[in-house]
>>> print(open('structure.txt').read())   # compact mmCIF, C-alpha atoms and all ligand atoms
# COMPACT_ATOMS: atom_id res chain seq x y z
CA MET A 1 18.33 -49.45 -3.57
CA SER A 2 20.56 -46.37 -3.63
CA LYS A 3 22.28 -45.61 -6.86
CA VAL A 4 24.09 -42.60 -5.40
CA PHE A 5 27.78 -43.39 -5.05
CA GLN A 6 29.38 -40.77 -2.82
CA LYS A 7 32.80 -39.66 -4.01
CA TYR A 8 35.52 -40.64 -1.55
CA ASN A 9 36.53 -37.69 0.61
CA ALA A 10 38.98 -38.14 3.47
CA ILE A 11 39.36 -34.45 4.26
CA GLY A 12 37.90 -33.31 7.58
CA ASP A 13 38.28 -30.85 10.44
CA GLU A 14 41.82 -31.92 11.37
CA GLU A 15 43.07 -30.95 7.91
CA LEU A 16 41.28 -27.59 8.12
CA GLU A 17 42.76 -26.82 11.52
CA ASN A 18 46.31 -27.72 10.58
CA VAL A 19 46.15 -25.83 7.28
CA LEU A 20 44.77 -22.80 9.10
CA LYS A 21 47.68 -22.92 11.54
CA VAL A 22 50.13 -22.91 8.63
CA LEU A 23 48.29 -20.08 6.84
CA LYS A 24 48.38 -17.95 9.98
CA THR A 25 52.18 -18.21 10.15
CA GLY A 26 52.37 -16.68 6.66
CA ASN A 27 55.08 -19.21 5.87
CA LEU A 28 53.80 -21.54 3.16
CA SER A 29 57.15 -23.12 2.34
CA GLN A 30 60.39 -22.75 4.21
CA PHE A 31 62.60 -24.65 1.77
CA LEU A 32 65.69 -22.77 0.66
CA GLY A 33 67.81 -23.97 -2.28
CA GLU A 34 70.91 -23.14 -0.28
CA TRP A 35 72.95 -25.15 2.23
CA GLY A 36 71.75 -24.62 5.81
CA PRO A 37 68.92 -25.66 8.14
CA ASP A 38 66.20 -24.58 5.67
CA PHE A 39 67.62 -26.83 2.97
CA TYR A 40 65.45 -29.56 4.51
CA GLY A 41 62.23 -27.54 4.64
CA GLY A 42 60.05 -25.97 7.31
CA PRO A 43 58.37 -27.20 10.50
CA MET A 44 55.39 -28.96 8.87
CA ILE A 45 57.62 -30.85 6.43
CA LYS A 46 59.79 -32.00 9.32
CA LEU A 47 56.77 -32.95 11.43
CA LEU A 48 55.29 -34.97 8.55
CA GLU A 49 58.58 -36.73 7.76
CA GLU A 50 59.05 -37.67 11.42
CA ALA A 51 55.47 -38.96 11.67
CA ALA A 52 55.80 -40.97 8.43
CA LYS A 53 59.08 -42.45 9.62
CA ILE A 54 57.43 -43.67 12.81
CA HIS A 55 54.21 -44.78 11.09
CA PHE A 56 55.92 -46.92 8.46
CA GLY A 57 58.70 -48.06 10.80
CA VAL A 58 61.63 -46.93 8.61
CA GLY A 59 64.89 -45.07 9.08
CA ASN A 60 63.99 -42.20 6.72
CA ALA A 61 60.92 -40.61 5.19
CA VAL A 62 61.47 -37.92 2.54
CA THR A 63 58.58 -35.83 1.19
CA PHE A 64 58.19 -34.74 -2.45
CA ASN A 65 55.78 -32.59 -4.43
CA SER A 66 54.53 -35.77 -6.14
CA TRP A 67 55.39 -39.45 -6.11
CA THR A 68 56.50 -39.05 -9.73
CA SER A 69 59.18 -36.72 -8.36
CA GLY A 70 59.91 -39.24 -5.60
CA LEU A 71 60.41 -42.01 -8.18
CA ILE A 72 62.75 -39.83 -10.26
CA ALA A 73 64.79 -39.06 -7.13
CA ALA A 74 64.81 -42.73 -6.09
CA VAL A 75 66.24 -43.89 -9.42
CA GLY A 76 68.70 -40.98 -9.38
CA THR A 77 70.10 -42.00 -5.99
CA LEU A 78 71.30 -45.29 -7.48
CA GLY A 79 73.97 -43.45 -9.50
CA ILE A 80 72.77 -45.16 -12.64
CA GLU A 81 74.75 -44.77 -15.92
CA PRO A 82 73.15 -43.84 -19.25
CA GLY A 83 72.31 -47.09 -21.02
CA ASP A 84 71.98 -49.14 -17.81
CA GLU A 85 68.87 -51.28 -17.62
CA VAL A 86 66.14 -51.24 -14.99
CA ILE A 87 63.51 -53.97 -14.99
CA VAL A 88 59.96 -52.69 -14.48
CA SER A 89 56.40 -53.95 -14.71
CA PRO A 90 54.19 -52.92 -17.64
CA TRP A 91 51.16 -52.82 -15.28
CA THR A 92 51.67 -49.44 -13.69
CA MET A 93 51.29 -45.77 -14.28
CA SER A 94 53.67 -44.42 -16.91
CA ALA A 95 55.59 -42.48 -14.21
CA SER A 96 57.34 -45.65 -12.99
CA ALA A 97 58.95 -46.30 -16.38
CA MET A 98 59.54 -42.61 -17.09
CA ALA A 99 61.54 -42.20 -13.86
CA ILE A 100 63.99 -44.73 -15.31
CA LEU A 101 64.16 -43.09 -18.73
CA HIS A 102 64.63 -39.80 -16.96
CA TRP A 103 68.21 -40.75 -16.00
CA ASN A 104 68.88 -42.00 -19.53
CA ALA A 105 68.52 -45.59 -18.38
CA ILE A 106 66.58 -48.20 -20.32
CA PRO A 107 63.33 -49.64 -18.98
CA VAL A 108 63.08 -53.40 -19.58
CA PHE A 109 59.60 -54.82 -19.13
CA ALA A 110 59.13 -58.13 -17.35
CA ASP A 111 55.76 -59.88 -17.33
CA ILE A 112 53.30 -59.86 -14.46
CA ASP A 113 51.78 -62.63 -12.39
CA SER A 114 48.22 -63.34 -13.58
CA GLN A 115 46.83 -63.46 -10.05
CA THR A 116 48.52 -60.55 -8.26
CA TYR A 117 49.28 -58.35 -11.33
CA CYS A 118 52.70 -57.68 -9.75
CA LEU A 119 56.05 -58.67 -11.32
CA ASP A 120 56.42 -62.36 -12.21
CA ILE A 121 59.66 -63.59 -10.64
CA ALA A 122 60.67 -66.00 -13.41
CA SER A 123 60.16 -63.31 -16.03
CA VAL A 124 62.23 -60.82 -14.00
CA GLU A 125 65.11 -63.30 -13.77
CA ALA A 126 64.90 -64.08 -17.49
CA ASN A 127 65.23 -60.36 -18.25
CA ILE A 128 68.36 -59.77 -16.16
CA SER A 129 71.34 -58.90 -18.36
CA GLU A 130 74.91 -57.62 -17.93
CA LYS A 131 73.45 -54.11 -17.96
CA THR A 132 70.74 -54.58 -15.35
CA ARG A 133 71.25 -52.37 -12.32
CA ALA A 134 67.90 -52.35 -10.58
CA ILE A 135 64.34 -53.62 -10.45
CA MET A 136 61.38 -51.30 -10.07
CA SER A 137 58.61 -53.32 -8.53
CA ILE A 138 55.03 -52.04 -8.49
CA ASP A 139 52.66 -52.92 -5.64
CA ILE A 140 49.79 -52.61 -8.03
CA PHE A 141 46.11 -52.23 -7.03
CA GLY A 142 46.98 -52.41 -3.30
CA GLN A 143 49.15 -55.40 -2.48
CA SER A 144 52.87 -55.96 -2.25
CA ALA A 145 54.76 -57.69 -5.00
CA ASN A 146 56.69 -60.83 -4.07
CA THR A 147 59.49 -58.86 -2.45
CA ASP A 148 60.97 -61.96 -0.75
CA GLU A 149 61.87 -63.36 -4.16
CA LEU A 150 62.77 -59.99 -5.67
CA MET A 151 65.28 -59.35 -2.87
CA ARG A 152 66.68 -62.85 -3.34
CA LEU A 153 67.26 -62.08 -7.04
CA ALA A 154 68.72 -58.70 -6.13
CA LYS A 155 71.23 -60.34 -3.84
CA LYS A 156 72.09 -63.03 -6.38
CA TYR A 157 72.75 -60.54 -9.20
CA GLY A 158 73.88 -57.48 -7.21
CA LEU A 159 70.87 -55.31 -8.01
CA ARG A 160 68.83 -52.71 -6.15
CA VAL A 161 65.06 -52.84 -5.77
CA ILE A 162 62.72 -49.85 -5.65
CA SER A 163 59.06 -50.38 -4.68
CA ASP A 164 56.42 -48.15 -6.21
CA SER A 165 53.76 -48.51 -3.51
CA ALA A 166 51.67 -45.57 -4.73
CA GLN A 167 48.53 -47.71 -4.67
CA ALA A 168 49.40 -49.81 -1.63
CA PRO A 169 50.00 -47.55 1.37
CA GLY A 170 49.04 -49.32 4.58
CA SER A 171 49.04 -52.84 3.13
CA LYS A 172 51.54 -55.32 4.55
CA ARG A 173 53.68 -58.30 3.59
CA ASN A 174 55.05 -60.59 6.30
CA GLY A 175 53.73 -58.05 8.81
CA LYS A 176 55.73 -55.13 7.36
CA PHE A 177 54.39 -52.23 5.32
CA SER A 178 54.50 -52.40 1.52
CA GLY A 179 57.14 -49.94 0.39
CA THR A 180 59.47 -50.78 3.28
CA LEU A 181 60.46 -54.26 2.07
CA THR A 182 63.06 -53.29 -0.54
CA ASP A 183 65.93 -50.77 -0.79
CA MET A 184 63.55 -47.86 -1.26
CA GLY A 185 59.83 -47.43 -1.63
CA GLY A 186 57.16 -44.82 -1.42
CA TYR A 187 53.64 -43.57 -1.69
CA SER A 188 51.68 -41.08 -3.73
CA LEU A 189 49.62 -38.40 -2.04
CA ASN A 190 47.76 -37.54 -5.23
CA TYR A 191 44.08 -36.81 -4.61
CA HIS A 192 42.73 -40.18 -5.71
CA LYS A 193 45.04 -42.30 -3.56
CA HIS A 194 44.08 -43.64 -0.08
CA ILE A 195 45.44 -40.57 1.72
CA HIS A 196 46.32 -37.38 -0.07
CA SER A 197 47.38 -33.77 0.05
CA GLY A 198 46.20 -32.82 -3.44
CA GLU A 199 49.63 -33.63 -4.83
CA GLY A 200 52.57 -35.12 -3.00
CA GLY A 201 54.68 -38.18 -2.33
CA ILE A 202 56.69 -39.80 0.46
CA LEU A 203 59.83 -41.87 -0.11
CA VAL A 204 60.78 -44.36 2.62
CA THR A 205 64.12 -46.12 3.09
CA ASP A 206 66.34 -47.54 5.81
CA ASP A 207 69.40 -46.52 3.80
CA ASP A 208 70.66 -43.15 5.04
CA ASP A 209 72.77 -42.53 1.94
CA PHE A 210 69.86 -43.07 -0.49
CA ALA A 211 67.71 -40.83 1.70
CA GLU A 212 70.28 -38.04 1.74
CA ARG A 213 70.89 -38.25 -2.01
CA SER A 214 67.14 -38.06 -2.61
CA ARG A 215 66.96 -34.95 -0.40
CA LEU A 216 69.71 -33.40 -2.50
CA ILE A 217 67.94 -34.20 -5.79
CA ARG A 218 64.75 -32.73 -4.27
CA ASN A 219 66.38 -29.35 -3.75
CA HIS A 220 68.87 -28.19 -6.41
CA ALA A 221 71.63 -30.61 -5.47
CA GLU A 222 74.35 -29.22 -7.72
CA SER A 223 74.27 -25.84 -6.04
CA VAL A 224 74.65 -27.19 -2.50
CA VAL A 225 76.84 -30.29 -2.81
CA GLU A 226 79.85 -28.31 -1.71
CA GLY A 227 78.24 -27.27 1.54
CA ALA A 228 76.86 -30.76 2.02
CA GLY A 229 80.34 -32.21 1.57
CA THR A 230 79.07 -34.67 -1.04
CA LYS A 231 81.80 -36.63 -2.79
CA ASN A 232 79.84 -38.78 -5.22
CA LEU A 233 78.35 -36.31 -7.69
CA SER A 234 76.74 -38.81 -10.06
CA ASN A 235 73.17 -37.88 -10.90
CA LEU A 236 73.11 -35.05 -8.42
CA ILE A 237 71.37 -32.82 -10.90
CA GLY A 238 68.83 -31.17 -8.70
CA TYR A 239 65.24 -30.11 -9.07
CA ASN A 240 62.59 -28.33 -7.18
CA PHE A 241 60.62 -31.36 -5.97
CA ARG A 242 59.64 -29.69 -2.70
CA MET A 243 56.30 -30.05 -0.96
CA THR A 244 54.72 -26.93 0.55
CA GLU A 245 53.90 -26.47 4.23
CA ILE A 246 50.18 -26.48 3.34
CA GLU A 247 50.34 -29.87 1.65
CA ALA A 248 52.46 -31.17 4.52
CA ALA A 249 49.80 -30.00 6.99
CA VAL A 250 47.11 -31.88 5.05
CA ALA A 251 49.23 -35.03 4.75
CA TYR A 252 50.16 -34.85 8.44
CA SER A 253 46.45 -34.90 9.30
CA GLN A 254 45.78 -37.69 6.82
CA LEU A 255 48.46 -40.10 7.99
CA PRO A 256 46.74 -41.22 11.22
CA LYS A 257 43.60 -42.00 9.17
CA LEU A 258 45.38 -44.40 6.82
CA SER A 259 44.93 -47.64 8.74
CA GLY A 260 41.22 -46.95 9.29
CA ILE A 261 40.73 -46.21 5.59
CA VAL A 262 42.57 -49.38 4.61
CA SER A 263 40.56 -51.59 6.96
CA LYS A 264 37.35 -50.06 5.60
CA ARG A 265 38.44 -50.95 2.03
CA GLN A 266 39.31 -54.45 3.20
CA LYS A 267 35.84 -54.96 4.72
CA GLN A 268 34.15 -53.63 1.59
CA ALA A 269 36.25 -55.86 -0.66
CA THR A 270 35.61 -58.92 1.51
CA TYR A 271 31.86 -58.26 1.36
CA LEU A 272 31.96 -57.89 -2.42
CA THR A 273 34.04 -61.04 -2.81
CA GLN A 274 31.58 -63.03 -0.68
CA GLY A 275 28.68 -61.71 -2.75
CA LEU A 276 30.29 -62.19 -6.15
CA GLY A 277 32.23 -65.38 -5.46
CA GLY A 278 29.52 -67.70 -6.77
CA LEU A 279 29.17 -66.19 -10.24
CA PRO A 280 30.46 -68.61 -12.87
CA GLY A 281 33.45 -67.43 -14.85
CA LEU A 282 34.11 -64.45 -12.56
CA VAL A 283 37.53 -64.37 -10.86
CA THR A 284 37.53 -62.24 -7.69
CA PRO A 285 40.71 -60.58 -6.33
CA PHE A 286 43.53 -62.81 -5.17
CA SER A 287 45.59 -61.79 -2.18
CA ASP A 288 48.93 -63.51 -1.62
CA PRO A 289 48.67 -65.29 1.78
CA LYS A 290 51.73 -63.32 2.99
CA ASN A 291 49.98 -60.04 2.14
CA THR A 292 47.25 -57.81 3.38
CA HIS A 293 45.61 -55.83 0.58
CA SER A 294 44.63 -52.15 0.67
CA TYR A 295 42.29 -52.40 -2.36
CA TYR A 296 42.97 -49.33 -4.43
CA ILE A 297 41.35 -51.13 -7.33
CA TYR A 298 39.08 -54.15 -6.91
CA ALA A 299 40.49 -56.26 -9.73
CA LEU A 300 38.38 -58.87 -11.50
CA GLN A 301 38.81 -61.26 -14.38
CA ILE A 302 36.45 -62.98 -16.71
CA ASP A 303 37.61 -66.54 -17.21
CA SER A 304 37.46 -66.54 -21.00
CA GLU A 305 37.91 -70.34 -21.02
CA SER A 306 34.65 -70.98 -19.14
CA VAL A 307 32.33 -68.20 -20.37
CA PRO A 308 32.21 -66.62 -23.85
CA TRP A 309 31.18 -63.10 -22.77
CA LYS A 310 33.37 -60.13 -23.52
CA LYS A 311 34.55 -58.11 -20.52
CA GLU A 312 33.82 -54.87 -22.42
CA ASP A 313 30.15 -55.88 -22.69
CA ILE A 314 29.98 -56.72 -18.99
CA VAL A 315 31.55 -53.38 -18.02
CA LYS A 316 29.23 -51.51 -20.40
CA ARG A 317 26.13 -53.17 -18.93
CA LEU A 318 27.25 -52.65 -15.30
CA THR A 319 27.90 -48.99 -16.08
CA GLU A 320 24.46 -48.65 -17.69
CA LEU A 321 22.90 -50.12 -14.56
CA GLY A 322 24.54 -47.32 -12.55
CA ILE A 323 27.86 -48.57 -11.14
CA PRO A 324 30.49 -45.85 -11.60
CA GLY A 325 34.24 -46.49 -11.72
CA MET A 326 34.08 -49.68 -13.80
CA THR A 327 36.85 -50.13 -16.33
CA SER A 328 37.76 -52.86 -18.80
CA LYS A 329 41.40 -51.79 -19.25
CA TYR A 330 44.52 -51.13 -17.28
CA GLN A 331 47.94 -50.33 -18.77
CA ASN A 332 50.50 -52.03 -20.94
CA ILE A 333 53.21 -49.40 -20.65
CA HIS A 334 55.58 -51.21 -23.03
CA LEU A 335 53.12 -50.62 -25.86
CA LEU A 336 53.12 -46.81 -25.52
CA PRO A 337 54.48 -44.97 -28.60
CA ILE A 338 57.58 -43.74 -26.72
CA PHE A 339 58.73 -47.38 -26.43
CA GLN A 340 57.39 -48.59 -29.77
CA GLU A 341 59.29 -45.80 -31.55
CA LYS A 342 62.17 -45.73 -29.05
CA ILE A 343 62.28 -41.95 -29.14
CA ALA A 344 62.66 -40.05 -25.89
CA TYR A 345 65.42 -37.42 -25.85
CA GLY A 346 65.71 -35.60 -29.16
CA THR A 347 65.00 -37.38 -32.41
CA THR A 348 67.90 -39.81 -32.82
CA GLY A 349 66.82 -42.56 -30.45
CA PHE A 350 68.69 -41.58 -27.29
CA PRO A 351 69.13 -43.31 -24.82
CA TRP A 352 68.58 -46.55 -26.77
CA LYS A 353 71.18 -45.38 -29.29
CA LEU A 354 74.21 -44.30 -27.34
CA ASN A 355 77.90 -43.88 -28.26
CA GLY A 356 77.47 -45.77 -31.51
CA THR A 357 75.77 -48.75 -29.87
CA GLU A 358 72.14 -49.66 -30.00
CA SER A 359 70.15 -51.33 -27.19
CA LYS A 360 68.59 -54.63 -28.20
CA VAL A 361 65.73 -54.29 -25.73
CA ASP A 362 62.48 -55.60 -27.18
CA TYR A 363 59.17 -53.76 -26.69
CA ARG A 364 57.13 -55.66 -29.26
CA LYS A 365 53.72 -57.00 -28.41
CA GLY A 366 54.24 -60.53 -27.13
CA ILE A 367 57.03 -59.86 -24.62
CA CYS A 368 54.58 -59.77 -21.68
CA PRO A 369 51.98 -62.44 -22.50
CA ASN A 370 50.16 -62.36 -19.14
CA ALA A 371 49.95 -58.57 -19.08
CA GLU A 372 48.73 -58.52 -22.68
CA ARG A 373 46.16 -61.31 -22.28
CA LEU A 374 44.78 -59.66 -19.13
CA GLN A 375 44.52 -56.32 -20.91
CA ASP A 376 43.00 -57.71 -24.11
CA LYS A 377 40.73 -60.46 -22.77
CA ASP A 378 40.43 -61.15 -19.06
CA TYR A 379 40.93 -58.15 -16.76
CA PHE A 380 38.37 -55.62 -15.65
CA GLY A 381 38.22 -53.57 -12.48
CA PHE A 382 36.24 -51.41 -10.11
CA PHE A 383 37.85 -48.27 -8.65
CA ILE A 384 36.90 -49.13 -5.07
CA ASN A 385 39.07 -46.36 -3.59
CA GLY A 386 37.17 -43.72 -5.55
CA PHE A 387 34.00 -43.92 -3.44
CA ASP A 388 32.72 -43.82 0.11
CA LEU A 389 30.71 -46.99 -0.42
CA SER A 390 27.59 -47.45 1.70
CA GLN A 391 26.07 -50.83 2.53
CA GLU A 392 23.39 -50.06 -0.09
CA ASN A 393 26.09 -49.39 -2.68
CA LEU A 394 27.76 -52.72 -1.94
CA ASP A 395 24.47 -54.62 -2.20
CA PHE A 396 23.60 -52.73 -5.36
CA ILE A 397 26.91 -53.73 -6.93
CA ILE A 398 26.33 -57.40 -6.09
CA GLU A 399 22.74 -57.34 -7.38
CA SER A 400 23.82 -55.61 -10.58
CA PHE A 401 26.46 -58.27 -11.25
CA GLU A 402 23.88 -61.00 -10.63
CA LYS A 403 21.48 -59.27 -13.01
CA VAL A 404 24.11 -58.98 -15.76
CA TRP A 405 25.11 -62.61 -15.30
CA GLN A 406 21.45 -63.64 -15.69
CA GLU A 407 21.08 -61.49 -18.79
CA PHE A 408 24.19 -62.94 -20.39
CA SER A 409 23.49 -66.60 -19.50
C1 LIG A 501 49.65 -42.55 -8.73
C2 LIG A 501 50.80 -43.38 -9.14
C3 LIG A 501 52.07 -42.84 -9.38
C4 LIG A 501 52.36 -41.37 -9.45
O1 LIG A 501 52.10 -40.68 -8.29
P1 LIG A 501 51.83 -39.08 -8.37
O2 LIG A 501 51.84 -38.67 -6.94
O3 LIG A 501 50.50 -38.88 -9.04
O4 LIG A 501 52.95 -38.47 -9.15
C5 LIG A 501 53.11 -43.71 -9.67
N1 LIG A 501 52.92 -45.02 -9.73
C6 LIG A 501 51.71 -45.58 -9.51
C7 LIG A 501 51.56 -47.07 -9.58
C8 LIG A 501 50.61 -44.78 -9.23
O5 LIG A 501 49.40 -45.34 -9.07
>>> encode(input="structure.txt", output="structure tokens", more="lines below")
Ligand SMILES: *Cc1c(COP(=O)(O)O)cnc(C)c1O
Amino acid sequence: MSKVFQKYNAIGDEELENVLKVLKTGNLSQFLGEWGPDFYGGPMIKLLEEAAKIHFGVGNAVTFNSWTSGLIAAVGTLGIEPGDEVIVSPWTMSASAMAILHWNAIPVFADIDSQTYCLDIASVEANISEKTRAIMSIDIFGQSANTDELMRLAKKYGLRVISDSAQAPGSKRNGKFSGTLTDMGGYSLNYHKHIHSGEGGILVTDDDDFAERSRLIRNHAESVVEGAGTKNLSNLIGYNFRMTEIEAAVAYSQLPKLSGIVSKRQKQATYLTQGLGGLPGLVTPFSDPKNTHSYYIYALQIDSESVPWKKEDIVKRLTELGIPGMTSKYQNIHLLPIFQEKIAYGTTGFPWKLNGTESKVDYRKGICPNAERLQDKDYFGFFINGFDLSQENLDFIIESFEKVWQEFS
């Protein structure tokens, strides 16, 4: 039984060829922070954005040098005011919440659903206040959040919804790609995501105005708004969030591979779930019937009601047996020191303390009971997207779980 887990590597000859073509032109980035044709980047950037637009079936695809940058631009496009609230999930990478704080807005954490790990709709609605402007929904581990219900809430309360689909490119809900089901969404092209260009991100939206504002934020907006004829200047403080031609060439070669990579992950996950499904007290991944799942992380739970074992001990033993990429924790972003101490900009509590008022938002442990219970007791995961799993690897994983279950029983 092979214990060698090959690291996932999606880079092949197509990437080499396209990068070589770019290198030979001597033009590694054609972006100019000045109004004119080069404001929107060079030929590879344009080729990639056109291909992504067609692939995901959206009106606009905008590239960034990371999806963190893409998220910052997405929140910025909303014209949010300092002190406005944006509801976000605590089960995500810190970047989702930081993009909100970045515009001096206040992240408000709603709880997650215990089965999908995405935002719980009732908790989102309970957290909507006078100050709420938007919801940032995370398609965590590889499947879409319940965007049907999120969009219904958005309509009811006049909010916008941004989807962070960094971990869910290529998965679908109601037959449409995750990331394309809300006002704006997007994907990370960081090296450990399904497809990558080292670093990078792609924002997708059907809204032309959001797309254009995000392109402005990407490239020193304030210096070009005059040429662009932009009237609404709110949050058009610009950055250099530009992707290079080299990264665009890699991503352009990666994009056609996405659906094949996703279906491979789906087959691997299905095989694992069939093999592990019979183990008492083990909860295998749940996929919402409206969703397909791209399995960035293969998420498991120990049912602490039915078996007394600690997930940390299970993970430790599985790791000892030779399974890499096992983890007993995810994230509870609301418990990070920046939120516990409510200190972000400077030392006086801005943006929570603003113009003599103080935000009442609560970050204490207890506000997200599902997220906290999963983190402390039930959840553990396998980084399925980190490896090119062979049939032997899959069988080895199943046998190792069976062995550990026998040992613990
Ligand atoms: C990876 C990731 C990001 C950040 O993407 P980068 O391209 O690394 O900046 C944001 N949100 C989630 C959920 C992620 O997994």
>>> residues_near_ligand(input="structure.txt", ligand="ligand LIG 501 (chain A)", cutoff="10 Å", atoms="only C-alpha atoms and all ligand atoms", output="PDB file with C-alpha atoms, in the coordinates of the input")
ATOM      1  CA  PHE A  64      58.190 -34.740  -2.450  1.00  0.00           C
ATOM      2  CA  ASN A  65      55.780 -32.590  -4.430  1.00  0.00           C
ATOM      3  CA  SER A  66      54.530 -35.770  -6.140  1.00  0.00           C
ATOM      4  CA  TRP A  67      55.390 -39.450  -6.110  1.00  0.00           C
ATOM      5  CA  THR A  68      56.500 -39.050  -9.730  1.00  0.00           C
ATOM      6  CA  SER A  69      59.180 -36.720  -8.360  1.00  0.00           C
ATOM      7  CA  GLY A  70      59.910 -39.240  -5.600  1.00  0.00           C
ATOM      8  CA  LEU A  71      60.410 -42.010  -8.180  1.00  0.00           C
ATOM      9  CA  ILE A  72      62.750 -39.830 -10.260  1.00  0.00           C
ATOM     10  CA  SER A  89      56.400 -53.950 -14.710  1.00  0.00           C
ATOM     11  CA  TRP A  91      51.160 -52.820 -15.280  1.00  0.00           C
ATOM     12  CA  THR A  92      51.670 -49.440 -13.690  1.00  0.00           C
ATOM     13  CA  MET A  93      51.290 -45.770 -14.280  1.00  0.00           C
ATOM     14  CA  SER A  94      53.670 -44.420 -16.910  1.00  0.00           C
ATOM     15  CA  ALA A  95      55.590 -42.480 -14.210  1.00  0.00           C
ATOM     16  CA  SER A  96      57.340 -45.650 -12.990  1.00  0.00           C
ATOM     17  CA  ALA A  97      58.950 -46.300 -16.380  1.00  0.00           C
ATOM     18  CA  MET A  98      59.540 -42.610 -17.090  1.00  0.00           C
ATOM     19  CA  ALA A  99      61.540 -42.200 -13.860  1.00  0.00           C
ATOM     20  CA  SER A 137      58.610 -53.320  -8.530  1.00  0.00           C
ATOM     21  CA  ILE A 138      55.030 -52.040  -8.490  1.00  0.00           C
ATOM     22  CA  ASP A 139      52.660 -52.920  -5.640  1.00  0.00           C
ATOM     23  CA  ILE A 140      49.790 -52.610  -8.030  1.00  0.00           C
ATOM     24  CA  PHE A 141      46.110 -52.230  -7.030  1.00  0.00           C
ATOM     25  CA  GLY A 142      46.980 -52.410  -3.300  1.00  0.00           C
ATOM     26  CA  SER A 163      59.060 -50.380  -4.680  1.00  0.00           C
ATOM     27  CA  ASP A 164      56.420 -48.150  -6.210  1.00  0.00           C
ATOM     28  CA  SER A 165      53.760 -48.510  -3.510  1.00  0.00           C
ATOM     29  CA  ALA A 166      51.670 -45.570  -4.730  1.00  0.00           C
ATOM     30  CA  GLN A 167      48.530 -47.710  -4.670  1.00  0.00           C
ATOM     31  CA  ALA A 168      49.400 -49.810  -1.630  1.00  0.00           C
ATOM     32  CA  GLY A 186      57.160 -44.820  -1.420  1.00  0.00           C
ATOM     33  CA  TYR A 187      53.640 -43.570  -1.690  1.00  0.00           C
ATOM     34  CA  SER A 188      51.680 -41.080  -3.730  1.00  0.00           C
ATOM     35  CA  LEU A 189      49.620 -38.400  -2.040  1.00  0.00           C
ATOM     36  CA  ASN A 190      47.760 -37.540  -5.230  1.00  0.00           C
ATOM     37  CA  TYR A 191      44.080 -36.810  -4.610  1.00  0.00           C
ATOM     38  CA  HIS A 192      42.730 -40.180  -5.710  1.00  0.00           C
ATOM     39  CA  LYS A 193      45.040 -42.300  -3.560  1.00  0.00           C
ATOM     40  CA  HIS A 196      46.320 -37.380  -0.070  1.00  0.00           C
ATOM     41  CA  SER A 197      47.380 -33.770   0.050  1.00  0.00           C
ATOM     42  CA  GLY A 198      46.200 -32.820  -3.440  1.00  0.00           C
ATOM     43  CA  GLU A 199      49.630 -33.630  -4.830  1.00  0.00           C
ATOM     44  CA  GLY A 200      52.570 -35.120  -3.000  1.00  0.00           C
ATOM     45  CA  GLY A 201      54.680 -38.180  -2.330  1.00  0.00           C
ATOM     46  CA  ILE A 202      56.690 -39.800   0.460  1.00  0.00           C
ATOM     47  CA  TYR A 296      42.970 -49.330  -4.430  1.00  0.00           C
TER      48      TYR A 296
END
>>> closest_residue(input="structure.txt", among="A:Pro289, A:Glu226, A:Val361, A:Tyr379", to="Ser328 (chain A)", atoms="only C-alpha atoms")
A:Tyr379
>>> atom_distance(input="structure.txt", atom1="CA of Ala145 (chain A)", atom2="CA of Arg173 (chain A)")
8.7 Å
>>> residues_around(input="structure.txt", residues="Lys176 (chain A)", least_positions_apart="2", cutoff="12 Å", atoms="only C-alpha atoms", output="JSON, numbers by chain")
{"A": [55, 56, 57, 58, 143, 144, 147, 148, 169, 170, 171, 172, 173, 174, 178, 179, 180, 181, 182, 290, 291, 292]}
>>> closest_residue(input="structure.txt", among="A:Ala61, A:Ile302, A:Ile398, A:Ala154", to="Arg215 (chain A)", atoms="only C-alpha atoms")
A:Ala61
>>> closest_residue(input="structure.txt", among="A:Glu50, A:Glu320, A:Asp362, A:Glu312", to="Gln340 (chain A)", atoms="all atoms listed in the file")
A:Asp362
>>> closest_residue(input="structure.txt", among="A:Thr63, A:Asp208, A:Ala10, A:Leu236", to="Ala221 (chain A)", atoms="only C-alpha atoms")
A:Leu236
>>> atom_distance(input="structure.txt", atom1="CA of Asp84 (chain A)", atom2="CA of Thr116 (chain A)")
27.8 Å
>>> atom_distance(input="structure.txt", atom1="CA of Asp209 (chain A)", atom2="CA of Ile100 (chain A)")
19.5 Å
>>> closest_residue(input="structure.txt", among="A:Pro90, A:Tyr252, A:Ser400, A:Leu203", to="Tyr117 (chain A)", atoms="only C-alpha atoms")
A:Pro90
>>> closest_residue(input="structure.txt", among="A:Leu279, A:Gly185, A:Met44, A:Gln115", to="Asp206 (chain A)", atoms="all atoms listed in the file")
A:Gly185
>>> residues_around(input="structure.txt", residues="Glu245 (chain A)", least_positions_apart="5", cutoff="12 Å", atoms="all atoms listed in the file", output="VMD selection string")
chain A and resid 18 to 31 40 to 49 63 to 65 197 200 250 to 252
>>> residues_around(input="structure.txt", residues="Glu305 (chain A)", least_positions_apart="3", cutoff="12 Å", atoms="all atoms listed in the file", output="list in words")
Pro280, Gly281, Leu282, Val283, Gln301, Ile302, Pro308, Trp309, Lys310, Lys377 and Asp378 of chain A
>>> residues_around(input="structure.txt", residues="Pro324 (chain A)", least_positions_apart="5", cutoff="10 Å", atoms="all atoms listed in the file", output="short mmCIF file (atom, residue, chain, number, x, y, z; two decimals) with C-alpha atoms, in the coordinates of the input")
data_model
loop_
_atom_site.label_atom_id
_atom_site.label_comp_id
_atom_site.auth_asym_id
_atom_site.auth_seq_id
_atom_site.Cartn_x
_atom_site.Cartn_y
_atom_site.Cartn_z
CA LYS A 3 22.28 -45.61 -6.86
CA VAL A 4 24.09 -42.60 -5.40
CA PHE A 5 27.78 -43.39 -5.05
CA VAL A 315 31.55 -53.38 -18.02
CA LEU A 318 27.25 -52.65 -15.30
CA THR A 319 27.90 -48.99 -16.08
CA PHE A 382 36.24 -51.41 -10.11
CA PHE A 383 37.85 -48.27 -8.65
CA ILE A 384 36.90 -49.13 -5.07
CA GLY A 386 37.17 -43.72 -5.55
CA PHE A 387 34.00 -43.92 -3.44
CA ILE A 397 26.91 -53.73 -6.93
#
